[in-house]
Amino acid sequence: MTGPARICIVGAGPAGLAAAEYLARSGCAVQVLDAMPSFGRKLLMAGRGGLNITHSESWPLFVERFGPASAWLRPALEAWSAQDIRDWMTGLGQASFVGSSGRVFPTAMKASPLLRAWLARLRDLGVVFTPRARWTGWNEQGQPVFTHEPQTGESSGDSEQGGEPGTFCVQADALVLALGGASWPRLGSTGGWVDVLMRRGVAVAPLQPANCGFRASWSDVFARRFAGTPLKPVALSFDGVRVRGEVVVTQAGLEGGALYALSAALRQRVAEQGRAVVLCDLRPDMTQAEIAHRLAQVRGRESMANRLRKALRLPPVAVGLLREAGPVPVELAALAARIKALPVVLDGPQPLDRAISTAGGIMQQACTDQFMLRAMPGVFIAGEMLDWEAPTGGYLLHACLATGRAAGRGALDWLQGQGVRRYPPQP
């Protein structure tokens with residue numbers, strides 16, 4: 001074959017765009033198709049909070065955040081480090097900075113400037129974008145098949161490759177799937193790919209919510225009064241792991257970063273025992289002895305709520321949470337111990353479509369080291385479709401970008417091995 005290799009990428013999120021950039025820079029003819037009418041929607045949603053794109057912590061700590069998948073993802077993460085991502089952002093005209101927590105953000109503190117610059121670069125590299133194209137599988141010749149369903153009143157010129165409704169296939173030498181998990185389905189990640197690939201013999205671990213809230217059986221009074229109220233600062237402990245941060249009381253339970261960091265272990269415990277008990281330290285800056293001493297300074301005739309407010313500045317939501325756990329101890333040492341380790345019973349994770357990210361996905365044994373499906377040579381997988389999870393803090397976006405780039409490199413190496421036109425290695 002003498003012409004450029006034709007690459008079809010399904011999914012215009014961070015993983016798909018990273019694969020597209022790598023392959024386009026290597027001289028391939030790249031087409032990116034997405035079911036949504038615009039591209040990078042989940043990236044824009046992530047940017048609403050400042051776009052935490054990676055983390056600056058030391059490599060040993062960083063790679064451990066990916067838990068059982070650390071060894072699997074390590075080569076991809078090493079090949080595109082946090083500094084590499086920052087340099088890439090600078091090349092797009094988007095400076096970055098390291099926050100006090102070690103998280104890395106664009107100086108603009110939003111995703112839209114970065115996404116606009118990235119899409120412009122990809123178009124300059126010749127990448128063709130096709131919106132509103134939903135991937136449905138393969139035809140008898142092994143080519144990917146899509147359905148195109150324009151919105152009412154859409155003309156054929158609204159998308160970059162026509163807008164006519166119907167089914168079409170794309171001629172491709174290799175396929176990169178970057179369809180996301182199943183969280184935030186309204187942004188395009190529906191998990192609809194699971195059945196398609198399982199019918200082809202691909203091993204897929206069940207998709208589950210990650211970085212998610214959990215249900216708790218609040219009393220009606222507590223739920224009505226405090227739903228939407230933040231509780232901070234607190235520290236949550238579970239199974240020997242302690243995480244300091246913030247949680248928010250919801251109508252049905254708890255959400256927030258401190259809880260998200262424990263979600264994998266909590267989800268496992270609920271699956272095994274039907275519930276999980278997390279310990280909440282309502283005053284993480286004080287020792288138990290200090291709490292007892294301060295409580296003793298307040299006159300005993302004060303109401304319990306006033307005593308807790310005057311001695312410890314506990315807000316009403318914290319006092320309410322104490323009462324949700326059962327009768328509040330009267331003896332000061334016992335009360336101090338309860339405040340430092342308040343048991344909160346969690347009944348299960350919130351639904352997958354409310355989660356920040358997805359656990360489960362295509363299992364490691366189903367892929368080669370370069371993220372190609374063993375059951376389907378020439379088909380590569382990137383991002384949240386793979387079976388890994390990580391806490392919030394930049395790890396999610398970093399791994400999506402890194403596995404997208406790795407899948408792109410894997411596709412190029414495979415094409416070269418198949419005798420498709422060779423290209424110089426990516427710098």
# chains A, B, ... in the order shown; residues from 1 in each chain; ligands from 1
$ residues_around --residues "A:Gly240" --least-positions-apart "5" --cutoff "12 Å" --atoms "only C-alpha atoms" --output "ChimeraX atom specification"
/A:262,265,278-279
$ closest_residue --among "A:Arg200, A:Ile362, A:Arg283, A:Met45" --to "A:Pro315" --atoms "only C-alpha atoms"
A:Arg283
$ select_by_dssp --residues "stretch 189-284 of chain A" --states "strand (DSSP E)" --output "ChimeraX atom specification"
/A:204-210,214-215,230-238,241-249,253-255,276-281
$ write_last_selection --atoms "N, CA, C and O atoms" --output "compact mmCIF listing (two decimals), in the first residue's frame"
# COMPACT_ATOMS: atom_id res chain seq x y z
N VAL A 204 -15.34 -8.33 28.93
CA VAL A 204 -15.65 -7.03 29.49
C VAL A 204 -16.12 -7.19 30.93
O VAL A 204 -17.09 -7.92 31.20
N ALA A 205 -15.42 -6.55 31.87
CA ALA A 205 -15.87 -6.53 33.26
C ALA A 205 -17.08 -5.61 33.37
O ALA A 205 -17.12 -4.56 32.72
N PRO A 206 -18.08 -5.96 34.17
CA PRO A 206 -19.30 -5.14 34.28
C PRO A 206 -18.96 -3.68 34.62
O PRO A 206 -18.10 -3.41 35.46
N LEU A 207 -19.63 -2.75 33.94
CA LEU A 207 -19.43 -1.34 34.22
C LEU A 207 -20.09 -0.98 35.55
O LEU A 207 -21.23 -1.37 35.82
N GLN A 208 -19.36 -0.24 36.38
CA GLN A 208 -19.85 0.14 37.69
C GLN A 208 -19.52 1.60 37.96
O GLN A 208 -18.59 2.16 37.39
N PRO A 209 -20.27 2.25 38.86
CA PRO A 209 -19.96 3.64 39.17
C PRO A 209 -18.67 3.78 39.95
O PRO A 209 -18.37 2.99 40.85
N ALA A 210 -17.87 4.76 39.59
CA ALA A 210 -16.64 5.10 40.31
C ALA A 210 -16.65 6.60 40.58
O ALA A 210 -17.32 7.36 39.88
N PHE A 214 -22.83 7.87 47.57
CA PHE A 214 -23.40 6.64 48.13
C PHE A 214 -24.71 6.96 48.84
O PHE A 214 -24.91 8.05 49.36
N ARG A 215 -25.58 5.98 48.83
CA ARG A 215 -26.87 6.12 49.47
C ARG A 215 -26.76 5.91 50.98
O ARG A 215 -25.97 5.08 51.45
N PRO A 230 -22.91 21.35 52.52
CA PRO A 230 -21.56 20.79 52.62
C PRO A 230 -21.16 20.56 54.07
O PRO A 230 -21.61 21.26 54.97
N LEU A 231 -20.31 19.58 54.26
CA LEU A 231 -19.78 19.25 55.57
C LEU A 231 -18.26 19.28 55.45
O LEU A 231 -17.66 18.40 54.81
N LYS A 232 -17.62 20.29 56.03
CA LYS A 232 -16.18 20.45 55.89
C LYS A 232 -15.62 21.25 57.06
O LYS A 232 -16.35 22.06 57.66
N PRO A 233 -14.32 21.04 57.39
CA PRO A 233 -13.52 19.91 56.88
C PRO A 233 -13.83 18.65 57.66
O PRO A 233 -14.15 18.71 58.84
N VAL A 234 -13.76 17.53 57.00
CA VAL A 234 -13.93 16.24 57.65
C VAL A 234 -12.84 15.31 57.14
O VAL A 234 -12.15 15.60 56.16
N ALA A 235 -12.69 14.19 57.81
CA ALA A 235 -11.82 13.12 57.33
C ALA A 235 -12.61 11.83 57.40
O ALA A 235 -13.24 11.53 58.43
N LEU A 236 -12.63 11.09 56.31
CA LEU A 236 -13.32 9.81 56.26
C LEU A 236 -12.30 8.68 56.32
O LEU A 236 -11.25 8.75 55.68
N SER A 237 -12.63 7.65 57.07
CA SER A 237 -11.75 6.48 57.20
C SER A 237 -12.52 5.22 56.86
O SER A 237 -13.67 5.05 57.29
N PHE A 238 -11.85 4.37 56.08
CA PHE A 238 -12.45 3.08 55.75
C PHE A 238 -11.35 2.09 55.44
O PHE A 238 -10.46 2.37 54.63
N VAL A 241 -7.75 3.30 55.47
CA VAL A 241 -7.40 4.45 54.63
C VAL A 241 -8.16 5.67 55.13
O VAL A 241 -9.38 5.60 55.35
N ARG A 242 -7.46 6.77 55.30
CA ARG A 242 -8.06 8.02 55.80
C ARG A 242 -7.91 9.09 54.73
O ARG A 242 -6.81 9.31 54.20
N VAL A 243 -9.00 9.76 54.42
CA VAL A 243 -9.01 10.80 53.39
C VAL A 243 -9.64 12.05 53.98
O VAL A 243 -10.76 12.01 54.47
N ARG A 244 -8.92 13.14 53.89
CA ARG A 244 -9.45 14.41 54.38
C ARG A 244 -10.01 15.21 53.21
O ARG A 244 -9.45 15.21 52.12
N GLY A 245 -11.12 15.92 53.45
CA GLY A 245 -11.70 16.71 52.37
C GLY A 245 -13.08 17.21 52.74
O GLY A 245 -13.34 17.58 53.89
N GLU A 246 -13.97 17.18 51.78
CA GLU A 246 -15.32 17.69 51.94
C GLU A 246 -16.32 16.66 51.46
O GLU A 246 -16.04 15.92 50.50
N VAL A 247 -17.46 16.59 52.13
CA VAL A 247 -18.58 15.82 51.62
C VAL A 247 -19.81 16.72 51.62
O VAL A 247 -19.84 17.75 52.29
N VAL A 248 -20.79 16.33 50.85
CA VAL A 248 -22.05 17.07 50.77
C VAL A 248 -23.19 16.11 51.07
O VAL A 248 -23.25 15.01 50.51
N VAL A 249 -24.06 16.52 51.97
CA VAL A 249 -25.26 15.73 52.25
C VAL A 249 -26.23 15.89 51.09
O VAL A 249 -26.50 17.00 50.64
N GLY A 253 -28.13 10.55 50.40
CA GLY A 253 -26.89 10.05 50.97
C GLY A 253 -25.80 11.09 51.05
O GLY A 253 -26.01 12.21 51.52
N LEU A 254 -24.62 10.73 50.57
CA LEU A 254 -23.45 11.61 50.62
C LEU A 254 -22.76 11.63 49.27
O LEU A 254 -22.73 10.63 48.55
N GLU A 255 -22.17 12.77 48.94
CA GLU A 255 -21.29 12.91 47.79
C GLU A 255 -20.06 13.71 48.23
O GLU A 255 -20.03 14.24 49.33
N ALA A 276 -21.77 -0.71 53.80
CA ALA A 276 -20.42 -0.35 54.24
C ALA A 276 -20.54 0.74 55.29
O ALA A 276 -21.42 1.60 55.20
N VAL A 277 -19.67 0.70 56.28
CA VAL A 277 -19.68 1.71 57.34
C VAL A 277 -18.39 2.51 57.25
O VAL A 277 -17.29 1.97 57.42
N VAL A 278 -18.54 3.79 56.96
CA VAL A 278 -17.39 4.69 56.90
C VAL A 278 -17.38 5.52 58.18
O VAL A 278 -18.43 5.88 58.72
N LEU A 279 -16.18 5.80 58.72
CA LEU A 279 -16.04 6.60 59.93
C LEU A 279 -15.72 8.03 59.56
O LEU A 279 -14.78 8.29 58.79
N CYS A 280 -16.49 8.96 60.10
CA CYS A 280 -16.35 10.37 59.77
C CYS A 280 -15.79 11.12 60.98
O CYS A 280 -16.39 11.11 62.06
N ASP A 281 -14.64 11.74 60.80
CA ASP A 281 -14.03 12.59 61.82
C ASP A 281 -14.53 14.01 61.58
O ASP A 281 -14.14 14.67 60.62
$ closest_residue --among "A:Arg103, A:Arg199, A:Lys340, A:Arg121" --to "A:Ala375" --atoms "only C-alpha atoms"
A:Arg199
$ closest_residue --among "A:Val379, A:Arg301, A:Ile9, A:Glu64" --to "A:Tyr22" --atoms "only C-alpha atoms"
A:Ile9
